[in-house]
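Chemist: Dropping a structure here in structure tokens format, bear with me for questions.
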Amino acid sequence: MMRTHLCGELSQSDIGEKVTVAGWVNRRREHGEHLAFVDLRDHSGILQCVVDNQVDVRSEYVVKITGQVTQRPEGTINDSLATGQIEITDATVEILSIAEPPPFPLDDRADDVDEMVRLRYRYLDLRRSRMQRNLRVRSTINASIRNSMVSQGFVEVDTPLLMPTTPEGAREFIVPSRQRPGSFYALPQSPQLYKQLLMVGGVDRYFQIARCLRDEDLRADRQYEFMQLDMEMSFVEVDDVLAAVEASVLDAAEAVTGVRPDPIERITWLDAMNRFGSDKPDLRFGMELAELTDVFSTTEFKAFSTAGSIKGIKADQAAGDWGRNKLDGLTDTAKSFGAKGMVWLKVVDVDGGLGFDSPVAKFLSEVETAALIERFGATAGDLLLLIADEWHTTCEVLGELRNRLGRPPVSEGPYKYLWVVDFPLFVGADEATGTPKPGHHPFCHPHPEDLDHLESDPMNVRAWAYDLVLNGWELGSGSIRIHDPKLQQRVFSLLGIDEAEAQKRFGFFLNPFAYGAPPHGGFAYGLERLGAILAGEDNIREVIAFPKPQSGLDPMTNAPTEVEPSQLEELGIRVLPPPAD
RNA sequence: GGUCCCGUAGUGCAGUCUGGAGUGCACGCCGCCCUGUCAAGGCGGAGGUCGCGAGUUCAAAUCUCGUCGGGACCGCCA
């Protein structure tokens with residue numbers, strides 16, 4: 001070994017030892033001809049070495065230093081450094097690599113550097129303690145999840161990256177076949193189909209730390225490629241799946257933070273929408289939606305009299321923070337989410353009681369005003385926001401407004417995990433055909449209590465489908481799957497898919513179910529999202545070694561690149577000229 | 001496909017509204033000095049296509065239009 005110790009693991013108990021450490025020169029401080037301090041950095045920390053200033057070492061030089069661990073002289077102890085009690089003296093320095101000055105400081109100041117610069121030089125960015133910590137958070141999560149799943153009797157199985165294209169769901173990355181020019185593989189959006197076939201194959205409990213790829217626009221919480229803990233179990237009900245997933249998530253969280261979270265609360269999708277206006281509510285703050293439809297049952301106010309659902313939220317003592325311009329902006333926000341408008345009311349003192357400062361105050365009766373104040377428990381200085389629309393829009397818009405007004409950054413504590421259960425089987429309808437669209441995916445098992453009205457009232461059929469939410473981010477989702485071909489065909493029929501089309505689109509997946517499929521269900525959750533939140537980051541790029549910016553163009557490798565004409569020739573591919581505008 | 005914000009030295013910024021010579025700050029870098037510093041200190045120095053291209057103007061970092069790049073979000077992500 002080239003070294004005897006890591007920089008960060010040395011302490012006062014090593015005083016007197018002769019050691020060899022190696023790493024990068026974090027900083028050098030010169031003090032005349034024969035004295036300089038070199039702060040040596042490796043992934044474990046920083047260690048001060050006292051060296052002869054005749055040695056020419058500069059920032060980011062890679063050096064090996066041999067010397068004696070020594071107690072620092074009185075008055076020179078650095079409390080802000082973990083190794084601040086000690087230093088290496090009688091040091092001999094061997095330069096292993098020289099280095100150009102880095103394009104940006106490799107300390108906390110780089111947090112403010114343009115992210116493109118960091119990504120272009122990601123290999124330098126990764127030397128920083130923040131990135132080292134974040135990669136190790138990811139590693140800890142993977143290790144504890146793997147351990148948790150194995151200890152629960154799950155079997156780790158790899159599934160193919162090259163698979164057939166499937167028409168449903170996210171846009172796929174496709175890979176041309178050389179041996180069959182004109183045909184293509186698709187990279188998996190998830191191992192969904194394979195893991196269900198593993199259940200048919202008797203694996204019983206499967207898991208995989210799986211790479212998934214989706215060719216959809218990038219976001220703070222979305223990359224083209226991401227990792228998920230993917231799992232599937234046979235002979236189980238909803239509670240069994242949730243318990244297995246919960247154990248792995250809590251194990252991972254405990255391993256990273258040192259604190260085991262409380263058992264995860266559950267809420268139904270319907271309650272989540274009614275109370276928080278979201279299917280991924282952030283429970284770190286209140287500001288729940290208040291039901292107001294009944295308050296306005298006989299109202300003269302036109303905008304309210306025709307609405308199917310009226311709800312509102314209250315921002316405590318926020319009236320002063322929201323002037324006309326900002327409220328107009330908030331109204332535009334509400335409209336951009338589909339609302340026809342937004343009513344704001346500032347609660348003010350009027351003689352003998354409370355009233356409203358609002359453009360619509362004059363349209364509200366005394367009874368309605370009093371009922372609103374009472375329903376919200378409002379006091380002077382509060383700001384009320386009301387939305388009147390069809391139920392789903394009312395909820396969703398208020399959920400968005402609630403987040404705008406009250407939501408802390410996702411990375412801020414405390415951690416609030418939440419199961420959202422009983423999702424609807426169908427959400428909305430296809431505009432062209434009028435048939436319902438699957439809420440989760442077409443293989444999701446309807447709730448047995450709702451099977452009697454599957455055909456007569458499909459939009460009110462619940463699914464055995466569930467999501468895991470952390471601080472308002474969807475970590476993952478899952479469901480109990482349909483294992484009975486007859487039930488599967490009922491669902492397909494509702495989706496407007498006849499047997500011939502089902503065979504064509506999903507045949508390779510459905511036919512195996514004729515050979516004896518066990519009841520089964522599963523789940524998958526995103527490891528970058530969990531990692532980011534546990535690492536205190538609000539962007540998953542910060543916990544990915546080599547992420548891509550929103551354009552998907554890699555500033556470090558310049559991918560994607562053009563390929564040689566001969567490569568295209570071999571694949572039977574001709575590229576169209578760029579479209580003329 | 002859309003909305004909003006950003007782009008000035010290697011890095012972070014000020015200057016832009018109200019046009020007047022690349023005017024400036026901090027860090028970093030290079031050289032010299034310095035034997036107890038620790039995001040050391042002192043002195044000196046180098047470093048600029050104000051993202052790019054048009055337009056307006058006697059004059060553009062500054063105003064206008066376009067374009068490129070980046071970010072947040074909507075659509076999209078079964």
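A note on labels: chains of the structure tokens are A, B, ... as shown, every chain counts residues from 1, and ligands are counted from 1 in their shown order.
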Considering only C-alpha atoms (C1' of nucleotides), extract the chain B residues located within 12 Å of chain A and return them as number ranges by chain.
Modeler: B: 1-4, 6-7, 10-13, 27-30, 32-42, 69-78
Chemist: Go through segment 208-282 of chain A and collect every residue that DSSP, computed from the backbone, puts in strand (DSSP E or B); the answer should be as a list in words.
Modeler: Gln208, Ile209, Ala210, Arg211, Cys212, Leu213, Arg219, Arg222, Glu225, Phe226, Met227, Gln228, Leu229, Asp230, Met231, Glu232, Met233, Ser234, Glu265, Arg266, Ile267 and Thr268 of chain A
Chemist: What's around Ile15 of chain A at 7 Å? Count only C-alpha atoms (C1' of nucleotides), leave out sequence neighbours fewer than 2 positions away in its own chain, and write the answer as a short mmCIF file (atom, residue, chain, number, x, y, z; two decimals) with all heavy atoms, in the first residue's frame.
Modeler:
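Writing done, so here's result.cif:
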```cif
data_model
loop_
_atom_site.label_atom_id
_atom_site.label_comp_id
_atom_site.auth_asym_id
_atom_site.auth_seq_id
_atom_site.Cartn_x
_atom_site.Cartn_y
_atom_site.Cartn_z
N GLN A 12 -5.40 12.35 17.90
CA GLN A 12 -4.38 12.48 18.95
C GLN A 12 -3.86 11.12 19.41
O GLN A 12 -2.74 11.01 19.88
CB GLN A 12 -4.96 13.24 20.14
CG GLN A 12 -4.99 14.75 19.89
CD GLN A 12 -5.68 15.49 21.02
OE1 GLN A 12 -6.86 15.25 21.28
NE2 GLN A 12 -4.98 16.39 21.68
N SER A 13 -4.68 10.07 19.24
CA SER A 13 -4.24 8.75 19.69
C SER A 13 -3.11 8.21 18.80
O SER A 13 -2.49 7.20 19.14
CB SER A 13 -5.41 7.77 19.69
OG SER A 13 -5.93 7.62 18.39
N GLU A 17 3.30 8.31 16.01
CA GLU A 17 3.37 7.36 14.91
C GLU A 17 4.02 7.97 13.69
O GLU A 17 3.81 9.14 13.38
CB GLU A 17 1.95 6.91 14.51
CG GLU A 17 1.23 6.07 15.54
CD GLU A 17 1.67 4.62 15.50
OE1 GLU A 17 1.84 4.09 14.38
OE2 GLU A 17 1.87 4.05 16.58
N VAL A 69 3.14 11.96 13.24
CA VAL A 69 1.95 12.60 13.81
C VAL A 69 2.35 13.30 15.09
O VAL A 69 2.93 12.69 15.99
CB VAL A 69 0.84 11.57 14.10
CG1 VAL A 69 -0.40 12.26 14.67
CG2 VAL A 69 0.49 10.79 12.84
N THR A 70 2.06 14.61 15.16
CA THR A 70 2.53 15.44 16.26
C THR A 70 1.39 16.29 16.81
O THR A 70 0.53 16.74 16.06
CB THR A 70 3.65 16.40 15.77
OG1 THR A 70 4.60 15.64 15.03
CG2 THR A 70 4.32 17.11 16.92
N GLN A 71 1.39 16.43 18.12
CA GLN A 71 0.45 17.38 18.74
C GLN A 71 0.80 18.78 18.27
O GLN A 71 1.97 19.16 18.23
CB GLN A 71 0.58 17.32 20.27
CG GLN A 71 -0.22 18.38 21.03
CD GLN A 71 -1.73 18.16 20.94
OE1 GLN A 71 -2.20 17.03 21.06
NE2 GLN A 71 -2.47 19.24 20.71
#
```
Chemist: To one decimal place, how far is atom CA of Val63 of chain A from atom CA of Tyr123 of chain A in Å?
Modeler: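 Spanning atom CA of Val63 of chain A to atom CA of Tyr123 of chain A is a straight-line distance of 17.9 Å.
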Chemist: Excluding Asp262 of chain A and any residue of its chain fewer than 2 positions from it, enumerate the residues within 9 Å of it, using only C-alpha atoms (C1' of nucleotides), and give them as an NGL selection string.
Modeler: :A and (250 or 260 or 264-265 or 417)
Chemist: What separation in Å, quoted to one decimal, exists between atom CA of Gly45 of chain A and atom CA of Leu10 of chain A?
Modeler: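 Interatomic distance, atom CA of Gly45 of chain A to atom CA of Leu10 of chain A: 9.7 Å.
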Chemist: Residues of segment 69-243 of chain A classed as alpha helix (DSSP H) by DSSP on the backbone are to be reported as JSON, numbers by chain.
Modeler: {"A": [115, 116, 117, 118, 119, 120, 122, 123, 124, 125, 129, 130, 131, 132, 133, 134, 135, 136, 137, 138, 139, 140, 141, 142, 143, 144, 145, 146, 147, 148, 149, 150, 151, 192, 193, 194, 195, 196, 197, 198, 199, 200, 238, 239, 240, 241, 242, 243]}
Chemist: Can you tell me how far atom CA of Asn26 of chain A sits from atom CA of Asn134 of chain A, in Å to one decimal?
Modeler: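 Computing it gives 19.7 Å between the two atoms.
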Chemist: Give me, as a PDB file with all heavy atoms, in the first residue's frame, all polymer residues having an atom no more than 12 Å from U67 of chain B, counting only C-alpha atoms (C1' of nucleotides) and skipping those fewer than 2 positions away in the same chain.
Modeler:
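Now in result-v4.pdb:
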```pdb
ATOM      1  P     G B  51     -22.672  39.135 -22.400  1.00  0.00           P
ATOM      2  OP1   G B  51     -23.515  40.024 -23.212  1.00  0.00           O
ATOM      3  OP2   G B  51     -23.138  38.634 -21.095  1.00  0.00           O
ATOM      4  O5'   G B  51     -22.259  37.896 -23.311  1.00  0.00           O
ATOM      5  C5'   G B  51     -21.183  37.064 -22.936  1.00  0.00           C
ATOM      6  C4'   G B  51     -21.129  35.886 -23.863  1.00  0.00           C
ATOM      7  O4'   G B  51     -22.248  35.006 -23.576  1.00  0.00           O
ATOM      8  C3'   G B  51     -21.284  36.226 -25.338  1.00  0.00           C
ATOM      9  O3'   G B  51     -20.057  36.597 -25.933  1.00  0.00           O
ATOM     10  C2'   G B  51     -21.847  34.936 -25.912  1.00  0.00           C
ATOM     11  O2'   G B  51     -20.818  33.973 -26.074  1.00  0.00           O
ATOM     12  C1'   G B  51     -22.760  34.471 -24.771  1.00  0.00           C
ATOM     13  N9    G B  51     -24.138  34.948 -24.927  1.00  0.00           N
ATOM     14  C8    G B  51     -24.825  35.774 -24.081  1.00  0.00           C
ATOM     15  N7    G B  51     -26.050  36.017 -24.483  1.00  0.00           N
ATOM     16  C5    G B  51     -26.172  35.311 -25.667  1.00  0.00           C
ATOM     17  C6    G B  51     -27.263  35.191 -26.557  1.00  0.00           C
ATOM     18  O6    G B  51     -28.381  35.690 -26.481  1.00  0.00           O
ATOM     19  N1    G B  51     -26.954  34.382 -27.655  1.00  0.00           N
ATOM     20  C2    G B  51     -25.742  33.766 -27.846  1.00  0.00           C
ATOM     21  N2    G B  51     -25.634  33.033 -28.944  1.00  0.00           N
ATOM     22  N3    G B  51     -24.710  33.863 -27.013  1.00  0.00           N
ATOM     23  C4    G B  51     -24.996  34.644 -25.958  1.00  0.00           C
ATOM     24  P     C B  52     -20.033  37.737 -27.061  1.00  0.00           P
ATOM     25  OP1   C B  52     -18.612  37.983 -27.394  1.00  0.00           O
ATOM     26  OP2   C B  52     -20.910  38.855 -26.632  1.00  0.00           O
ATOM     27  O5'   C B  52     -20.727  37.047 -28.319  1.00  0.00           O
ATOM     28  C5'   C B  52     -20.148  35.911 -28.936  1.00  0.00           C
ATOM     29  C4'   C B  52     -21.051  35.426 -30.044  1.00  0.00           C
ATOM     30  O4'   C B  52     -22.296  34.936 -29.470  1.00  0.00           O
ATOM     31  C3'   C B  52     -21.504  36.498 -31.022  1.00  0.00           C
ATOM     32  O3'   C B  52     -20.534  36.762 -32.020  1.00  0.00           O
ATOM     33  C2'   C B  52     -22.784  35.903 -31.585  1.00  0.00           C
ATOM     34  O2'   C B  52     -22.499  34.891 -32.526  1.00  0.00           O
ATOM     35  C1'   C B  52     -23.371  35.240 -30.330  1.00  0.00           C
ATOM     36  N1    C B  52     -24.307  36.136 -29.621  1.00  0.00           N
ATOM     37  C2    C B  52     -25.602  36.269 -30.133  1.00  0.00           C
ATOM     38  O2    C B  52     -25.898  35.654 -31.161  1.00  0.00           O
ATOM     39  N3    C B  52     -26.486  37.073 -29.501  1.00  0.00           N
ATOM     40  C4    C B  52     -26.122  37.729 -28.393  1.00  0.00           C
ATOM     41  N4    C B  52     -27.027  38.502 -27.808  1.00  0.00           N
ATOM     42  C5    C B  52     -24.814  37.616 -27.854  1.00  0.00           C
ATOM     43  C6    C B  52     -23.939  36.810 -28.494  1.00  0.00           C
ATOM     44  P     G B  53     -20.493  38.226 -32.703  1.00  0.00           P
ATOM     45  OP1   G B  53     -19.353  38.216 -33.652  1.00  0.00           O
ATOM     46  OP2   G B  53     -20.578  39.245 -31.633  1.00  0.00           O
ATOM     47  O5'   G B  53     -21.840  38.290 -33.542  1.00  0.00           O
ATOM     48  C5'   G B  53     -22.071  37.341 -34.569  1.00  0.00           C
ATOM     49  C4'   G B  53     -23.400  37.623 -35.241  1.00  0.00           C
ATOM     50  O4'   G B  53     -24.494  37.287 -34.354  1.00  0.00           O
ATOM     51  C3'   G B  53     -23.655  39.077 -35.577  1.00  0.00           C
ATOM     52  O3'   G B  53     -22.970  39.476 -36.755  1.00  0.00           O
ATOM     53  C2'   G B  53     -25.175  39.103 -35.720  1.00  0.00           C
ATOM     54  O2'   G B  53     -25.569  38.560 -36.960  1.00  0.00           O
ATOM     55  C1'   G B  53     -25.591  38.131 -34.608  1.00  0.00           C
ATOM     56  N9    G B  53     -25.946  38.837 -33.370  1.00  0.00           N
ATOM     57  C8    G B  53     -25.144  39.086 -32.279  1.00  0.00           C
ATOM     58  N7    G B  53     -25.764  39.733 -31.327  1.00  0.00           N
ATOM     59  C5    G B  53     -27.047  39.929 -31.826  1.00  0.00           C
ATOM     60  C6    G B  53     -28.177  40.570 -31.255  1.00  0.00           C
ATOM     61  O6    G B  53     -28.281  41.118 -30.149  1.00  0.00           O
ATOM     62  N1    G B  53     -29.272  40.551 -32.110  1.00  0.00           N
ATOM     63  C2    G B  53     -29.288  39.981 -33.352  1.00  0.00           C
ATOM     64  N2    G B  53     -30.431  40.062 -34.035  1.00  0.00           N
ATOM     65  N3    G B  53     -28.248  39.373 -33.903  1.00  0.00           N
ATOM     66  C4    G B  53     -27.169  39.376 -33.085  1.00  0.00           C
ATOM     67  P     A B  54     -22.992  41.040 -37.171  1.00  0.00           P
ATOM     68  OP1   A B  54     -22.007  41.218 -38.251  1.00  0.00           O
ATOM     69  OP2   A B  54     -22.938  41.906 -35.971  1.00  0.00           O
ATOM     70  O5'   A B  54     -24.449  41.137 -37.799  1.00  0.00           O
ATOM     71  C5'   A B  54     -24.988  42.386 -38.085  1.00  0.00           C
ATOM     72  C4'   A B  54     -26.491  42.299 -38.174  1.00  0.00           C
ATOM     73  O4'   A B  54     -27.004  41.485 -37.089  1.00  0.00           O
ATOM     74  C3'   A B  54     -27.180  43.641 -37.998  1.00  0.00           C
ATOM     75  O3'   A B  54     -27.203  44.378 -39.206  1.00  0.00           O
ATOM     76  C2'   A B  54     -28.549  43.248 -37.458  1.00  0.00           C
ATOM     77  O2'   A B  54     -29.379  42.768 -38.498  1.00  0.00           O
ATOM     78  C1'   A B  54     -28.167  42.085 -36.544  1.00  0.00           C
ATOM     79  N9    A B  54     -27.826  42.545 -35.190  1.00  0.00           N
ATOM     80  C8    A B  54     -26.593  42.490 -34.583  1.00  0.00           C
ATOM     81  N7    A B  54     -26.563  42.976 -33.369  1.00  0.00           N
ATOM     82  C5    A B  54     -27.872  43.387 -33.167  1.00  0.00           C
ATOM     83  C6    A B  54     -28.494  43.990 -32.060  1.00  0.00           C
ATOM     84  N6    A B  54     -27.863  44.289 -30.931  1.00  0.00           N
ATOM     85  N1    A B  54     -29.813  44.275 -32.166  1.00  0.00           N
ATOM     86  C2    A B  54     -30.448  43.962 -33.308  1.00  0.00           C
ATOM     87  N3    A B  54     -29.965  43.401 -34.411  1.00  0.00           N
ATOM     88  C4    A B  54     -28.656  43.123 -34.275  1.00  0.00           C
ATOM     89  P     C B  65     -37.694  43.668 -28.097  1.00  0.00           P
ATOM     90  OP1   C B  65     -39.133  43.419 -27.881  1.00  0.00           O
ATOM     91  OP2   C B  65     -36.708  43.318 -27.051  1.00  0.00           O
ATOM     92  O5'   C B  65     -37.253  42.944 -29.450  1.00  0.00           O
ATOM     93  C5'   C B  65     -38.009  43.131 -30.632  1.00  0.00           C
ATOM     94  C4'   C B  65     -37.290  42.528 -31.815  1.00  0.00           C
ATOM     95  O4'   C B  65     -36.033  43.226 -32.030  1.00  0.00           O
ATOM     96  C3'   C B  65     -36.875  41.069 -31.668  1.00  0.00           C
ATOM     97  O3'   C B  65     -37.937  40.172 -31.906  1.00  0.00           O
ATOM     98  C2'   C B  65     -35.761  40.961 -32.707  1.00  0.00           C
ATOM     99  O2'   C B  65     -36.296  40.883 -34.009  1.00  0.00           O
ATOM    100  C1'   C B  65     -35.075  42.314 -32.540  1.00  0.00           C
ATOM    101  N1    C B  65     -33.939  42.233 -31.589  1.00  0.00           N
ATOM    102  C2    C B  65     -32.709  41.769 -32.064  1.00  0.00           C
ATOM    103  O2    C B  65     -32.616  41.448 -33.259  1.00  0.00           O
ATOM    104  N3    C B  65     -31.656  41.684 -31.220  1.00  0.00           N
ATOM    105  C4    C B  65     -31.809  42.036 -29.937  1.00  0.00           C
ATOM    106  N4    C B  65     -30.748  41.938 -29.145  1.00  0.00           N
ATOM    107  C5    C B  65     -33.055  42.502 -29.429  1.00  0.00           C
ATOM    108  C6    C B  65     -34.085  42.586 -30.283  1.00  0.00           C
ATOM    109  P     G B  69     -28.660  25.581 -27.910  1.00  0.00           P
ATOM    110  OP1   G B  69     -28.252  24.206 -28.244  1.00  0.00           O
ATOM    111  OP2   G B  69     -30.098  25.951 -27.851  1.00  0.00           O
ATOM    112  O5'   G B  69     -28.002  25.983 -26.524  1.00  0.00           O
ATOM    113  C5'   G B  69     -26.629  25.713 -26.288  1.00  0.00           C
ATOM    114  C4'   G B  69     -26.196  26.292 -24.967  1.00  0.00           C
ATOM    115  O4'   G B  69     -26.290  27.745 -25.011  1.00  0.00           O
ATOM    116  C3'   G B  69     -27.052  25.936 -23.761  1.00  0.00           C
ATOM    117  O3'   G B  69     -26.814  24.627 -23.279  1.00  0.00           O
ATOM    118  C2'   G B  69     -26.645  27.029 -22.782  1.00  0.00           C
ATOM    119  O2'   G B  69     -25.357  26.775 -22.269  1.00  0.00           O
ATOM    120  C1'   G B  69     -26.583  28.238 -23.710  1.00  0.00           C
ATOM    121  N9    G B  69     -27.880  28.926 -23.741  1.00  0.00           N
ATOM    122  C8    G B  69     -28.855  28.870 -24.702  1.00  0.00           C
ATOM    123  N7    G B  69     -29.905  29.598 -24.401  1.00  0.00           N
ATOM    124  C5    G B  69     -29.603  30.154 -23.163  1.00  0.00           C
ATOM    125  C6    G B  69     -30.343  31.031 -22.327  1.00  0.00           C
ATOM    126  O6    G B  69     -31.468  31.509 -22.519  1.00  0.00           O
ATOM    127  N1    G B  69     -29.653  31.341 -21.163  1.00  0.00           N
ATOM    128  C2    G B  69     -28.410  30.877 -20.850  1.00  0.00           C
ATOM    129  N2    G B  69     -27.904  31.278 -19.676  1.00  0.00           N
ATOM    130  N3    G B  69     -27.697  30.061 -21.615  1.00  0.00           N
ATOM    131  C4    G B  69     -28.353  29.747 -22.743  1.00  0.00           C
TER     132        G B  69
END
```
Chemist: For A61 of chain B, list every protein, DNA or RNA residue within 12 Å, evaluated using only C-alpha atoms (C1' of nucleotides), and leave out those in the same chain fewer than 2 positions away; present the list as a VMD selection string.
Modeler: chain B and resid 7 to 8 15 to 16 19 22 to 23 48 to 51 63
Chemist: Would you kindly return, as a PyMOL selection string, each protein, DNA or RNA residue with an atom no farther than 10 Å from any atom of Ile533 of chain A, considering only C-alpha atoms (C1' of nucleotides) and excluding same-chain residues fewer than 5 positions away?
Modeler: chain A and resi 253+409-413+415+470-471+473+528+538-540+543
